[in-house]
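Take a look at the structure below.
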Amino acid sequence: MKYIVVLADGMADEPIEKFGGKTPVMAAFTPVMDEICRQSATGLVHTVPDGFHPGSEIANMNILGYHPAKYFQGRGVIEAASLGLDFEPDELVFRCNLVSVEDDILINHSAGHITSGEAAELIEALNVELGTDRVRFHAGTSYRHVMVIKGGNADLKCIPPHDHPGKPAAPLFPTATSSEAKETEWLLHDLMNRSMAVLARHPVNQKRKAAGKKTADAIWPWSPGYKPNFPSFKERFGIESGAVISAVDLIFGIGKLAGLEMVHVEGATGLHDTNYEGKAEAALEALKRHPFVFLHVEAMDEAGHEGDCDLKKRVIEDFDRRLLKPLFEGLKKMDEEVALLLLPDHPTPCNLRTHVLAPVPFMLMKSTIAPDEVQVLDEESVKKGSFGEIEGKDILELLFSK
């Protein structure tokens with residue numbers, strides 16, 4: 001038996017008036033997902049444990065069997081792991097977005113989905129002008145980067161920028177939650193404010209502005225933490241090896257910390273123009289090398305953050321036609337049986353443009369588990385599923401059960 005998890009990031013949603021009260025996945029044409037569903041048992045899963053913010057880092061760690069209460073040390077260190085970076089115990093690591101700010105309003109969390117090449121130039125400039133023996137920046141993918149402060153204090157309240165589009169920026173800046181962290185708070189505010197001047201005069205932003213694109217106007221550090229200590233996936237589940245396929249440093253970082261192979265697919269962007277076919281092919285190849293594959297697709301989440309319900313419906317249909325179809329056909333041709341688990345990590349409602357805390361639908365196709373009566377996978381249909389409601393920490397146990 002081999003195992004694959006297909007994670008449709010942010011696919012779950014809420015009813016949308018334009019779709020006649022349907023969610024995007026209800027409104028989308030998904031014949032392959034429907035076919036898999038008819039061969040699966042279904043239910044709702046609480047991917048985010050009580051007391052945690054519904055972030056992708058929390059949900060995906062929990063789904064992969066690493067309970068955040070025990071293992072989560074901040075999103076920054078997870079993404080840094082995917083970049084092959086290592087840190088000293090006293091170094092505080094942040095996820096660091098490039099964001100768009102206009103008239104002191106946080107306009108966009110992604111600087112208009114700036115390209116990785118453009119972003120790398122900006123990060124280099126930030127290192128030159130703001131970097132010190134204590135502060136340094138590391139370029140990641142698109143708008144997602146890493147900032148390190150030696151001797152920083154993690155007693156901070158940091159706001160994810162994708163949760164507050166259109167809100168005044170300054171009140172959302174990091175704040176200390178202890179007197180010991182006040183110096184770190186001051187340093188962060190200073191770096192954020194000084195970054196605006198550095199970025200405003202950079203040629204990359206001047207070209208983007210001339211082309212009518214959103215610009216990277218500021219850094220936005222959040223989710224700080226120190227170097228984590230993960231047991232390997234083999235230690236955790238007894239599975240000999242595995243691979244993770246994504247376009248997102250966060251997912252690669254979780255996989256790297258768990259000892260999984262990171263598989264990069266050319267043309268995988270995390271957006272609506274991602275290489276769906278390449279991801280399906282990479283998953284099938286990875287299953288020849290490993291008993292476990294975690295295949296992550298980001299496009300639905302980004303459409304939700306943009307508040308574009310038509311785009312979200314379209315990328316769900318692209319996901320079905322261009323990824324699930326070749327993947328499912330390939331799985332049926334494999335010599336060894338494969339169990340398939342498909343689910344979102346959290347809802348990203350288009351009307352809210354941010355993640356919300358709610359259970360998400362899932363389906364598990366496995367020869368040892370009888371299909372239930374649910375015919376299509378969506379937020380309502382699976383309420384009749386045979387699994388009922390389960391906790392995210394238990395979902396891989398279901399997948400790996402005999």
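By convention here, the chains of the structure tokens are called A, B, ... in the order presented, each chain's residues are numbered starting at 1, and ligands are numbered starting at 1 in the order presented.
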Give the strand (DSSP E) residues of region 133-343 of chain A, as DSSP finds them on the backbone, and put them as a PyMOL selection string.
-> chain A and resi 135-141+144-150+156-157+167-168+175-176+218-225+242-246+261-264+292-297+338-343
Could I get the residues of region 31-67 of chain A with an atom no further than 12 Å from an atom of region 295-306 of chain A, each paired with its nearest atom pair and that distance in Å to one decimal, using only C-alpha atoms, sorted by chain and residue number, as JSON lines?
{"residue": "A:Gly55", "atom": "CA", "partner": "A:Asp301", "partner_atom": "CA", "distance": 11.2}
{"residue": "A:Ser56", "atom": "CA", "partner": "A:Asp301", "partner_atom": "CA", "distance": 9.7}
{"residue": "A:Asn60", "atom": "CA", "partner": "A:His296", "partner_atom": "CA", "distance": 9.7}
{"residue": "A:Leu64", "atom": "CA", "partner": "A:Leu295", "partner_atom": "CA", "distance": 11.8}
Selection near Gly152 (chain A), 7 Å with only C-alpha atoms, sequence-local residues under 5 positions removed, as number ranges by chain | A: 91-92, 184
Would you mind reading off the distance between CA of Leu357 (chain A) and CA of Asp13 (chain A), one decimal, in Å?
-> 11.0 Å
Check the smallest atom-to-atom distance from each of A:Arg236, A:His189, A:Lys214, A:Arg321 to Gly112 (chain A) using only C-alpha atoms, then report the winner.
->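 Among the listed residues, the smallest separation from Gly112 (chain A) belongs to A:Lys214.
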Residue nearest Glu129 (chain A) - candidates A:Leu191, A:Met26, A:Ala181, A:Leu260, atoms counted: only C-alpha atoms = A:Leu191
